[in-house]
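Have a look at protein_35.tsv below; it lists TSV, C-alpha atoms (C1' of nucleotides).
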chain	number	residue	atom	x	y	z
E	1	MET	CA	23.18	2.95	-3.07
E	2	PRO	CA	21.70	0.42	-0.69
E	3	SER	CA	18.20	-0.82	-1.49
E	4	LYS	CA	15.79	0.15	1.23
E	5	PRO	CA	13.93	-2.69	2.92
E	6	PRO	CA	10.33	-3.24	1.78
E	7	ALA	CA	7.70	-1.63	3.96
E	8	ILE	CA	6.12	-3.89	6.57
E	9	THR	CA	2.40	-3.84	5.89
E	10	MET	CA	-0.64	-5.91	6.76
E	11	ASP	CA	-1.15	-6.56	3.07
E	12	ALA	CA	1.99	-8.69	3.11
E	13	VAL	CA	0.47	-10.71	5.94
E	14	TYR	CA	-2.92	-11.03	4.24
E	15	ALA	CA	-1.25	-12.36	1.07
E	16	ALA	CA	1.06	-14.82	2.84
E	17	PRO	CA	0.20	-18.47	2.22
E	18	GLY	CA	0.64	-19.32	5.89
E	19	TYR	CA	-1.87	-16.68	6.93
E	20	LEU	CA	-4.38	-17.88	4.32
E	21	PHE	CA	-3.99	-21.50	5.38
E	22	ARG	CA	-4.64	-20.53	8.98
E	23	ARG	CA	-7.73	-18.49	8.16
E	24	MET	CA	-9.11	-21.20	5.93
E	25	GLN	CA	-8.59	-23.81	8.60
E	26	GLN	CA	-10.45	-21.69	11.13
E	27	ILE	CA	-13.30	-21.21	8.67
E	28	ALA	CA	-13.38	-24.93	7.90
E	29	VAL	CA	-13.60	-25.86	11.58
E	30	ALA	CA	-16.33	-23.28	12.19
E	31	ILE	CA	-18.41	-24.66	9.32
E	32	PHE	CA	-17.85	-28.27	10.40
E	33	VAL	CA	-18.83	-27.63	14.00
E	34	GLU	CA	-21.90	-25.69	12.92
E	35	GLU	CA	-23.16	-28.39	10.55
E	36	CYS	CA	-22.41	-31.20	13.01
E	37	ARG	CA	-23.55	-29.45	16.16
E	38	ALA	CA	-26.23	-32.06	16.78
E	39	PHE	CA	-23.59	-34.78	17.07
E	40	ASP	CA	-21.16	-32.93	19.33
E	41	LEU	CA	-18.19	-34.14	17.29
E	42	THR	CA	-15.15	-32.09	16.27
E	43	PRO	CA	-13.35	-32.63	12.95
E	44	VAL	CA	-10.50	-34.49	14.63
E	45	GLN	CA	-12.86	-36.70	16.60
E	46	TYR	CA	-14.72	-37.49	13.39
E	47	ALA	CA	-11.50	-38.42	11.57
E	48	ALA	CA	-10.48	-40.64	14.46
E	49	LEU	CA	-13.84	-42.42	14.41
E	50	VAL	CA	-13.55	-43.08	10.68
E	51	ALA	CA	-10.03	-44.45	11.10
E	52	ILE	CA	-11.06	-46.73	13.96
E	53	HIS	CA	-14.03	-47.87	11.91
E	54	THR	CA	-11.74	-48.67	8.98
E	55	HIS	CA	-9.09	-50.28	11.18
E	56	PRO	CA	-10.80	-51.99	14.09
E	57	GLY	CA	-8.34	-52.86	16.83
E	58	ILE	CA	-5.80	-50.23	15.78
E	59	ASP	CA	-3.62	-48.80	18.56
E	60	ALA	CA	-3.11	-45.11	19.34
E	61	THR	CA	0.35	-44.82	17.80
E	62	ARG	CA	-0.76	-46.31	14.50
E	63	LEU	CA	-3.93	-44.25	14.54
E	64	SER	CA	-1.85	-41.10	14.82
E	65	ALA	CA	0.09	-42.12	11.71
E	66	VAL	CA	-3.06	-42.97	9.74
E	67	ILE	CA	-4.70	-39.59	10.30
E	68	ALA	CA	-1.44	-37.63	10.64
E	69	PHE	CA	-2.19	-36.21	14.08
E	70	ASP	CA	0.20	-35.87	16.95
E	71	ARG	CA	0.28	-38.86	19.30
E	72	SER	CA	-0.01	-36.77	22.46
E	73	THR	CA	-2.94	-34.80	21.10
E	74	LEU	CA	-4.59	-37.99	20.02
E	75	GLY	CA	-4.38	-39.31	23.57
E	76	ASN	CA	-6.80	-36.63	24.71
E	77	VAL	CA	-9.03	-37.13	21.68
E	78	ILE	CA	-9.27	-40.83	22.47
E	79	LEU	CA	-10.04	-40.00	26.08
E	80	ARG	CA	-12.98	-37.83	25.02
E	81	LEU	CA	-14.32	-40.36	22.55
E	82	GLU	CA	-14.10	-42.99	25.27
E	83	SER	CA	-15.85	-40.81	27.82
E	84	LYS	CA	-18.63	-40.27	25.28
E	85	ALA	CA	-18.82	-44.07	24.93
E	86	LEU	CA	-18.19	-43.91	21.19
E	87	ILE	CA	-15.12	-46.13	21.37
E	88	GLU	CA	-13.68	-48.78	23.68
E	89	ARG	CA	-10.09	-49.47	24.67
E	90	LYS	CA	-9.11	-53.03	25.34
E	91	PRO	CA	-5.66	-54.21	26.38
E	92	SER	CA	-3.96	-56.39	23.78
E	93	SER	CA	-3.29	-59.94	24.82
E	94	GLU	CA	-0.15	-59.99	22.70
E	95	ASP	CA	1.50	-56.78	23.82
E	96	LYS	CA	0.81	-55.50	27.29
E	97	ARG	CA	1.81	-51.96	26.32
E	98	VAL	CA	-0.90	-51.68	23.68
E	99	LYS	CA	-4.54	-50.72	24.03
E	100	LEU	CA	-6.67	-51.65	21.05
E	101	LEU	CA	-9.38	-49.31	19.84
E	102	HIS	CA	-12.84	-50.35	18.68
E	103	LEU	CA	-16.06	-48.49	17.90
E	104	THR	CA	-18.92	-49.15	20.28
E	105	ARG	CA	-22.37	-49.80	18.88
E	106	SER	CA	-23.15	-46.19	19.73
E	107	GLY	CA	-20.01	-44.97	17.98
E	108	ALA	CA	-20.86	-46.88	14.81
E	109	ALA	CA	-24.36	-45.38	14.86
E	110	VAL	CA	-23.08	-41.84	15.32
E	111	LEU	CA	-20.59	-42.31	12.50
E	112	ARG	CA	-23.32	-43.58	10.19
E	113	ASP	CA	-25.72	-40.77	11.07
E	114	ILE	CA	-23.26	-37.89	10.93
E	115	MET	CA	-22.19	-38.54	7.33
E	116	PRO	CA	-24.76	-36.24	5.64
E	117	SER	CA	-23.80	-33.38	7.95
E	118	VAL	CA	-20.11	-33.92	7.25
E	119	ASP	CA	-20.73	-33.96	3.52
E	120	ARG	CA	-22.76	-30.76	3.82
E	121	ALA	CA	-19.94	-29.11	5.78
E	122	GLN	CA	-17.28	-30.12	3.26
E	123	ALA	CA	-19.43	-28.81	0.42
E	124	ARG	CA	-20.09	-25.51	2.19
E	125	MET	CA	-16.38	-24.80	2.59
E	126	LEU	CA	-15.91	-24.65	-1.18
E	127	GLN	CA	-19.40	-23.39	-2.02
E	128	PRO	CA	-18.34	-19.79	-2.85
E	129	LEU	CA	-16.09	-20.99	-5.67
E	130	LYS	CA	-17.19	-21.94	-9.15
E	131	PRO	CA	-17.29	-25.74	-9.60
E	132	ALA	CA	-14.23	-25.75	-11.84
E	133	ASP	CA	-12.32	-23.69	-9.29
E	134	ARG	CA	-13.28	-26.07	-6.51
E	135	LYS	CA	-11.78	-28.95	-8.43
E	136	ALA	CA	-8.66	-26.95	-9.22
E	137	LEU	CA	-8.15	-25.88	-5.60
E	138	LEU	CA	-8.67	-29.39	-4.28
E	139	ALA	CA	-6.24	-30.83	-6.81
E	140	LEU	CA	-3.54	-28.29	-5.99
E	141	LEU	CA	-4.04	-28.66	-2.26
E	142	THR	CA	-3.94	-32.45	-2.42
E	143	GLN	CA	-0.74	-32.25	-4.39
E	144	LEU	CA	0.85	-29.72	-2.05
E	145	VAL	CA	-0.04	-31.58	1.14
E	146	ASP	CA	1.34	-34.77	-0.35
E	147	LEU	CA	4.57	-33.19	-1.50
E	148	ASN	CA	5.01	-31.43	1.85
E	149	ASN	CA	4.21	-34.56	3.84
E	150	GLU	CA	7.67	-34.90	5.31
E	151	ALA	CA	7.73	-31.26	6.40
E	152	SER	CA	4.88	-32.01	8.76
E	153	ARG	CA	5.68	-32.85	12.35
E	154	VAL	CA	3.52	-35.94	11.97
E	155	PRO	CA	3.78	-37.19	8.38
E	156	LEU	CA	0.90	-39.25	7.09
E	157	ARG	CA	1.64	-42.97	6.93
E	158	ALA	CA	-1.38	-44.35	5.16
E	159	GLU	CA	-2.71	-47.83	5.70
E	160	ASP	CA	-0.38	-49.43	3.17
E	161	ALA	CA	2.70	-48.16	4.94
E	162	LEU	CA	1.56	-49.72	8.19
E	163	GLU	CA	0.81	-53.19	6.98
E	164	HIS	CA	4.32	-54.51	7.33
E	165	LEU	CA	4.21	-53.39	10.94
E	166	GLY	CA	0.86	-54.99	11.48
E	167	ARG	CA	0.35	-57.05	14.54
E	168	SER	CA	-2.83	-59.07	14.56
E	169	GLY	CA	-5.27	-56.99	16.53
H	170	MET	CA	-34.72	-50.84	-4.16
H	171	PRO	CA	-33.01	-48.59	-1.61
H	172	SER	CA	-29.56	-47.33	-2.53
H	173	LYS	CA	-26.99	-48.57	-0.10
H	174	PRO	CA	-24.98	-45.92	1.75
H	175	PRO	CA	-21.47	-45.24	0.42
H	176	ALA	CA	-18.71	-47.09	2.23
H	177	ILE	CA	-16.94	-45.13	4.97
H	178	THR	CA	-13.27	-45.08	4.04
H	179	MET	CA	-10.16	-43.12	4.95
H	180	ASP	CA	-9.91	-42.05	1.32
H	181	ALA	CA	-13.03	-39.96	1.80
H	182	VAL	CA	-11.32	-38.27	4.75
H	183	TYR	CA	-8.05	-37.74	2.87
H	184	ALA	CA	-9.93	-36.06	-0.01
H	185	ALA	CA	-12.11	-33.83	2.18
H	186	PRO	CA	-11.29	-30.12	1.94
H	187	GLY	CA	-11.46	-29.73	5.69
H	188	TYR	CA	-8.89	-32.45	6.25
H	189	LEU	CA	-6.57	-30.95	3.63
H	190	PHE	CA	-6.86	-27.47	5.13
H	191	ARG	CA	-5.96	-28.84	8.54
H	192	ARG	CA	-2.96	-30.77	7.27
H	193	MET	CA	-1.73	-27.82	5.28
H	194	GLN	CA	-2.04	-25.55	8.29
H	195	GLN	CA	-0.02	-27.95	10.40
H	196	ILE	CA	2.64	-28.12	7.72
H	197	ALA	CA	2.70	-24.33	7.39
H	198	VAL	CA	3.16	-23.84	11.13
H	199	ALA	CA	5.93	-26.45	11.25
H	200	ILE	CA	7.81	-24.73	8.43
H	201	PHE	CA	7.34	-21.28	9.95
H	202	VAL	CA	8.55	-22.34	13.37
H	203	GLU	CA	11.54	-24.12	11.86
H	204	GLU	CA	12.63	-21.14	9.75
H	205	CYS	CA	12.07	-18.65	12.56
H	206	ARG	CA	13.43	-20.76	15.40
H	207	ALA	CA	16.15	-18.22	16.14
H	208	PHE	CA	13.54	-15.56	16.92
H	209	ASP	CA	11.26	-17.68	19.12
H	210	LEU	CA	8.16	-16.24	17.43
H	211	THR	CA	5.05	-18.19	16.40
H	212	PRO	CA	3.05	-17.27	13.27
H	213	VAL	CA	0.33	-15.63	15.36
H	214	GLN	CA	2.83	-13.65	17.40
H	215	TYR	CA	4.45	-12.48	14.18
H	216	ALA	CA	1.13	-11.35	12.70
H	217	ALA	CA	0.32	-9.48	15.90
H	218	LEU	CA	3.68	-7.70	15.83
H	219	VAL	CA	3.12	-6.60	12.22
H	220	ALA	CA	-0.35	-5.30	13.03
H	221	ILE	CA	0.88	-3.36	16.06
H	222	HIS	CA	3.71	-1.98	13.97
H	223	THR	CA	1.23	-0.86	11.31
H	224	HIS	CA	-1.26	0.51	13.86
H	225	PRO	CA	0.67	1.85	16.82
H	226	GLY	CA	-1.61	2.40	19.79
H	227	ILE	CA	-4.22	-0.09	18.64
H	228	ASP	CA	-6.22	-1.86	21.36
H	229	ALA	CA	-6.68	-5.63	21.73
H	230	THR	CA	-10.23	-5.75	20.38
H	231	ARG	CA	-9.35	-3.87	17.23
H	232	LEU	CA	-6.20	-5.91	16.83
H	233	SER	CA	-8.26	-9.07	16.87
H	234	ALA	CA	-10.41	-7.71	14.03
H	235	VAL	CA	-7.41	-6.62	11.97
H	236	ILE	CA	-5.75	-10.05	12.02
H	237	ALA	CA	-8.99	-12.06	12.38
H	238	PHE	CA	-7.99	-13.83	15.56
H	239	ASP	CA	-10.20	-14.50	18.53
H	240	ARG	CA	-10.12	-11.82	21.20
H	241	SER	CA	-9.60	-14.22	24.10
H	242	THR	CA	-6.80	-16.06	22.31
H	243	LEU	CA	-5.19	-12.76	21.51
H	244	GLY	CA	-5.18	-11.85	25.18
H	245	ASN	CA	-2.71	-14.64	25.86
H	246	VAL	CA	-0.67	-13.82	22.76
H	247	ILE	CA	-0.35	-10.22	23.94
H	248	LEU	CA	0.64	-11.45	27.37
H	249	ARG	CA	3.50	-13.49	25.89
H	250	LEU	CA	4.69	-10.68	23.63
H	251	GLU	CA	4.67	-8.38	26.63
H	252	SER	CA	6.58	-10.83	28.81
H	253	LYS	CA	9.18	-11.07	26.03
H	254	ALA	CA	9.36	-7.26	26.12
H	255	LEU	CA	8.47	-6.99	22.42
H	256	ILE	CA	5.42	-4.81	23.07
H	257	GLU	CA	4.16	-2.43	25.75
H	258	ARG	CA	0.66	-1.88	27.06
H	259	LYS	CA	-0.29	1.58	28.22
H	260	PRO	CA	-3.67	2.61	29.61
H	261	SER	CA	-5.55	5.07	27.42
H	262	SER	CA	-6.15	8.47	28.91
H	263	GLU	CA	-9.42	8.73	27.02
H	264	ASP	CA	-10.99	5.39	27.86
H	265	LYS	CA	-10.05	3.70	31.11
H	266	ARG	CA	-11.14	0.30	29.78
H	267	VAL	CA	-8.62	0.36	26.98
H	268	LYS	CA	-4.95	-0.58	26.96
H	269	LEU	CA	-3.01	0.69	23.97
H	270	LEU	CA	-0.39	-1.48	22.30
H	271	HIS	CA	3.01	-0.30	21.04
H	272	LEU	CA	6.14	-2.05	19.85
H	273	THR	CA	9.16	-1.67	22.08
H	274	ARG	CA	12.50	-0.83	20.53
H	275	SER	CA	13.34	-4.51	20.90
H	276	GLY	CA	10.07	-5.54	19.25
H	277	ALA	CA	10.71	-3.29	16.26
H	278	ALA	CA	14.20	-4.75	15.90
H	279	VAL	CA	12.94	-8.34	16.03
H	280	LEU	CA	10.27	-7.54	13.45
H	281	ARG	CA	12.84	-6.02	11.13
H	282	ASP	CA	15.29	-8.89	11.52
H	283	ILE	CA	12.81	-11.74	11.20
H	284	MET	CA	11.49	-10.69	7.79
H	285	PRO	CA	13.92	-12.76	5.69
H	286	SER	CA	13.13	-15.88	7.70
H	287	VAL	CA	9.41	-15.29	7.34
H	288	ASP	CA	9.76	-14.82	3.58
H	289	ARG	CA	11.79	-18.01	3.37
H	290	ALA	CA	9.13	-19.89	5.32
H	291	GLN	CA	6.30	-18.62	3.12
H	292	ALA	CA	8.24	-19.57	0.01
H	293	ARG	CA	9.00	-23.05	1.33
H	294	MET	CA	5.33	-23.83	1.90
H	295	LEU	CA	4.58	-23.53	-1.82
H	296	GLN	CA	8.00	-24.66	-3.04
H	297	PRO	CA	6.88	-28.14	-4.20
H	298	LEU	CA	4.44	-26.63	-6.70
H	299	LYS	CA	5.31	-25.28	-10.11
H	300	PRO	CA	5.39	-21.46	-10.13
H	301	ALA	CA	2.18	-21.21	-12.13
H	302	ASP	CA	0.44	-23.55	-9.72
H	303	ARG	CA	1.62	-21.49	-6.76
H	304	LYS	CA	-0.02	-18.43	-8.22
H	305	ALA	CA	-3.20	-20.33	-9.02
H	306	LEU	CA	-3.45	-21.81	-5.52
H	307	LEU	CA	-2.83	-18.47	-3.84
H	308	ALA	CA	-5.43	-16.77	-6.01
H	309	LEU	CA	-8.08	-19.40	-5.31
H	310	LEU	CA	-7.31	-19.47	-1.61
H	311	THR	CA	-7.40	-15.68	-1.31
H	312	GLN	CA	-10.75	-15.67	-3.07
H	313	LEU	CA	-12.17	-18.47	-0.94
H	314	VAL	CA	-11.06	-16.98	2.38
H	315	ASP	CA	-12.52	-13.64	1.37
H	316	LEU	CA	-15.84	-15.09	0.26
H	317	ASN	CA	-16.06	-17.22	3.41
H	318	ASN	CA	-15.10	-14.34	5.68
H	319	GLU	CA	-18.45	-14.18	7.43
H	320	ALA	CA	-18.46	-17.93	8.08
H	321	SER	CA	-15.44	-17.45	10.31
H	322	ARG	CA	-15.98	-17.00	14.03
H	323	VAL	CA	-13.85	-13.88	13.85
H	324	PRO	CA	-14.34	-12.23	10.44
H	325	LEU	CA	-11.56	-10.03	9.20
H	326	ARG	CA	-12.30	-6.32	9.50
H	327	ALA	CA	-9.42	-4.72	7.70
H	328	GLU	CA	-8.02	-1.34	8.56
H	329	ASP	CA	-10.52	0.55	6.40
H	330	ALA	CA	-13.47	-0.90	8.22
H	331	LEU	CA	-12.07	0.28	11.53
H	332	GLU	CA	-11.39	3.89	10.68
H	333	HIS	CA	-14.83	5.15	11.48
H	334	LEU	CA	-14.43	3.62	14.90
H	335	GLY	CA	-11.03	5.14	15.37
H	336	ARG	CA	-10.25	6.74	18.64
H	337	SER	CA	-7.07	8.76	18.74
H	338	GLY	CA	-4.35	6.58	20.25
J	339	DG	C1'	-28.25	13.28	35.65
J	340	DC	C1'	-29.95	8.22	34.95
J	341	DC	C1'	-30.40	4.10	33.03
J	342	DA	C1'	-30.25	0.50	29.44
J	343	DT	C1'	-26.95	-1.03	26.40
J	344	DA	C1'	-22.59	-1.80	24.56
J	345	DT	C1'	-17.66	-2.36	24.85
J	346	DC	C1'	-13.02	-3.60	26.97
J	347	DG	C1'	-10.11	-6.61	29.23
J	348	DT	C1'	-10.03	-10.77	31.70
J	349	DA	C1'	-10.95	-15.30	33.20
J	350	DA	C1'	-12.58	-20.19	33.31
J	351	DG	C1'	-13.51	-24.10	30.60
J	352	DT	C1'	-12.88	-27.10	26.45
J	353	DA	C1'	-10.23	-28.83	22.39
J	354	DT	C1'	-6.48	-29.09	19.28
J	355	DA	C1'	-1.28	-29.35	18.47
J	356	DC	C1'	3.24	-29.70	19.64
J	357	DT	C1'	7.62	-30.54	22.80
J	358	DG	C1'	9.61	-33.06	26.01
J	359	DT	C1'	10.09	-36.95	29.42
J	360	DC	C1'	9.03	-41.23	31.81
J	361	DA	C1'	7.97	-46.14	33.17
J	362	DA	C1'	6.56	-50.36	31.38
J	363	DT	C1'	7.22	-53.46	28.01
J	364	DC	C1'	8.97	-55.71	23.98
J	365	DG	C1'	12.38	-57.68	20.72
J	366	DA	C1'	16.99	-58.75	19.34
J	367	DG	C1'	21.97	-59.79	20.12
J	368	DG	C1'	25.11	-61.87	22.64
B	369	DC	C1'	19.00	-65.59	29.98
B	370	DC	C1'	20.09	-60.82	30.06
B	371	DT	C1'	21.00	-56.41	28.68
B	372	DC	C1'	20.22	-52.81	25.17
B	373	DG	C1'	17.55	-50.15	22.23
B	374	DA	C1'	13.06	-49.28	20.52
B	375	DT	C1'	8.14	-48.82	21.23
B	376	DT	C1'	3.76	-47.66	23.79
B	377	DG	C1'	0.92	-44.97	26.44
B	378	DA	C1'	0.96	-41.38	29.84
B	379	DC	C1'	2.05	-36.95	31.60
B	380	DA	C1'	3.72	-32.04	32.05
B	381	DG	C1'	4.40	-27.87	29.72
B	382	DT	C1'	3.52	-24.36	26.03
B	383	DA	C1'	0.62	-22.18	22.46
B	384	DT	C1'	-3.30	-21.51	19.66
B	385	DA	C1'	-8.56	-21.24	19.23
B	386	DC	C1'	-13.02	-20.99	20.72
B	387	DT	C1'	-17.22	-20.28	24.28
B	388	DT	C1'	-19.34	-18.09	27.92
B	389	DA	C1'	-19.36	-14.96	31.53
B	390	DC	C1'	-18.27	-11.00	34.44
B	391	DG	C1'	-16.70	-6.43	36.32
B	392	DA	C1'	-15.38	-1.91	34.98
B	393	DT	C1'	-16.29	1.57	32.09
B	394	DA	C1'	-18.58	4.37	28.18
B	395	DT	C1'	-22.31	6.04	25.66
B	396	DG	C1'	-26.85	7.24	23.93
B	397	DG	C1'	-31.71	8.17	24.96
B	398	DC	C1'	-34.45	10.39	27.96

Is it possible to give me this structure as structure tokens?
Amino acid sequence: MPSKPPAITMDAVYAAPGYLFRRMQQIAVAIFVEECRAFDLTPVQYAALVAIHTHPGIDATRLSAVIAFDRSTLGNVILRLESKALIERKPSSEDKRVKLLHLTRSGAAVLRDIMPSVDRAQARMLQPLKPADRKALLALLTQLVDLNNEASRVPLRAEDALEHLGRSG
Amino acid sequence: MPSKPPAITMDAVYAAPGYLFRRMQQIAVAIFVEECRAFDLTPVQYAALVAIHTHPGIDATRLSAVIAFDRSTLGNVILRLESKALIERKPSSEDKRVKLLHLTRSGAAVLRDIMPSVDRAQARMLQPLKPADRKALLALLTQLVDLNNEASRVPLRAEDALEHLGRSG
DNA sequence: GCCATATCGTAAGTATACTGTCAATCGAGG
DNA sequence: CCTCGATTGACAGTATACTTACGATATGGC
């Protein structure tokens, strides 16, 4: 006799990895925004600032690879950071297509000052778990993200992978 | 002497839970969309369909609590599902503010047919891990999402919590 | 029956996140 | 030198995801 299809229940949704990842991401953003409210920076904007700080004179395309965010999305992020005067865009003298990104003095100050709030936010996300479980979850997640890198629409290409493409900025 | 502040590096970003949650969510969505391309359904739209299937005649506000999605966001999701003729909205005879949600015949068929693709997508997300690690990650994540429920902007209020509010649909 | 309060759907505004496409520009081969 | 293919930034379009607000409606206290 034919096996009957499994019942469609919410429990199946609640237990699905994709659903849990989504919920956790929403929680993480909520916590980040709450802790960093005073700085008016979103998680993505913060990551972009760090990357520009680490790679002064990087261009938008490379920045998108370094933080694994979509290039089009990043365009708007850069626009907002620029309108808040946290970064500057200067045309490259070597390649007229490229606009090089640098932190402004104000951007560097914000980045320096926001660090404690960011650390507090990151800690709060894992707070409910026992310390050993936090380590275990982080290790598994790091592993999984790395192994799934190519499944992402915008795979991470860390600094190393970009060096051979480097143009002097 | 004063301790100097830790260097600001991308490695700190890459290791931050918030960054990993975001990356994993992006990967999960990419895999879901790829596996379910034939059905033209996003993860959120799928979750909404399941919830409406499980709770025929639910209203938008309650639906948002059952799947823990923002009410305003859900408004647009419902609009798209309706324009694809997967669900119907009917005014309640008891409360003129409320519009009750039901699957159409077509919506029920899509939900039935998409299940294998959804299962494949969910499996693919964890595929790179060893089976024991998959279980461990899911368990930790389930625990963390549950314990952080109230930190979310839209905490999950599962079916049970809604029953005492129930109005006959 | 009236009024303060709450709820429902909806909308405007902001911010990711992705798909395409396009013009300008660059680099390489012939 | 010139054309071809690739790259860069920009834009339009779709879909979450959240905030605040507002009108219509319900409800509880009186």

>> Show me, as number ranges by chain, every residue of chain H with an atom at most 7 Å from chain E, counting all atoms listed in the file.
In response: H: 177-179, 182, 185-187, 189-197, 199-200, 216, 219-220, 223, 291, 297-298, 306-307, 309-311, 313-314, 316, 320-322

> Which of these, E:Ala65, E:Leu49, E:Lys130, E:Ala60, has the shortest distance to Ala109 in chain E once you count all atoms listed in the file?
Replying inline: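 Among the listed residues, the smallest separation from Ala109 in chain E belongs to E:Leu49.
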
Kindly assemble as a tab-separated table a list of the chain B residues that lie within 12 Å of chain H, each paired with its nearest atom pair and their distance in Å to one decimal, using only C-alpha atoms (C1' of nucleotides), sorted first by chain and then by ascending residue number.
residue	atom	partner	partner_atom	distance
B:DT382	C1'	H:Arg249	CA	10.9
B:DA383	C1'	H:Val246	CA	8.5
B:DT384	C1'	H:Thr242	CA	7.0
B:DA385	C1'	H:Thr242	CA	6.3
B:DC386	C1'	H:Asp239	CA	7.4
B:DT387	C1'	H:Ser241	CA	9.7
B:DT388	C1'	H:Ser241	CA	11.2
B:DG391	C1'	H:Arg266	CA	10.9
B:DA392	C1'	H:Arg266	CA	7.1
B:DT393	C1'	H:Arg266	CA	5.8
B:DA394	C1'	H:Asp264	CA	7.7
B:DT395	C1'	H:Asp264	CA	11.6

> For chain J against chain H, which residues fall within 12 Å using only C-alpha atoms (C1' of nucleotides), given as a list in words?
Replying inline: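 So the contacting residues turn out to be DT345, DC346, DG347, DT348, DA349, DA350, DT354, DA355 and DC356 of chain J.
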
> What gap, in Å, lies between CA of Ile78 in chain E and CA of Val202 in chain H?
Replying inline: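 Between CA of Ile78 in chain E and CA of Val202 in chain H the gap works out to 27.2 Å.
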
>> Can you measure CA of Gln214 in chain H to C1' of DG381 in chain B for me? One decimal in Å is fine.
In response: 18.9 Å

>> Give me, as a PyMOL selection string, all polymer residues having an atom no more than 9 Å from Arg105 in chain E, counting only C-alpha atoms (C1' of nucleotides) and skipping those fewer than 4 positions away in the same chain.
In response: chain E and resi 86-87+109-110

> Which neighbours of Gly226 in chain H fall inside 10 Å, counting all atoms listed in the file, when residues of the same chain fewer than 3 positions from it are skipped, and could you give them as a PyMOL selection string?
Replying inline: chain H and resi 221-223+229+232+257-259+261+268-272+336-338

> Quick one: residues within 12 Å of DG367 in chain J, only C-alpha atoms (C1' of nucleotides) counted, chain neighbours fewer than 6 positions away excluded, as number ranges by chain?
Replying inline: B: 369-373

> Suppose you want the space between CA of Pro260 in chain H and C1' of DA344 in chain J; what is it in Å?
Replying inline: 20.1 Å

>> From the options E:Ile58, E:Arg157, E:Glu82, E:Ile114, which residue's atoms come nearest to Leu41 in chain E, counting only C-alpha atoms?
In response: E:Ile114

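Here the question is which of B:DC398, B:DC390, B:DA374, B:DA380 gets nearest to DG339 in chain J using all atoms listed in the file, and that residue is B:DC398.
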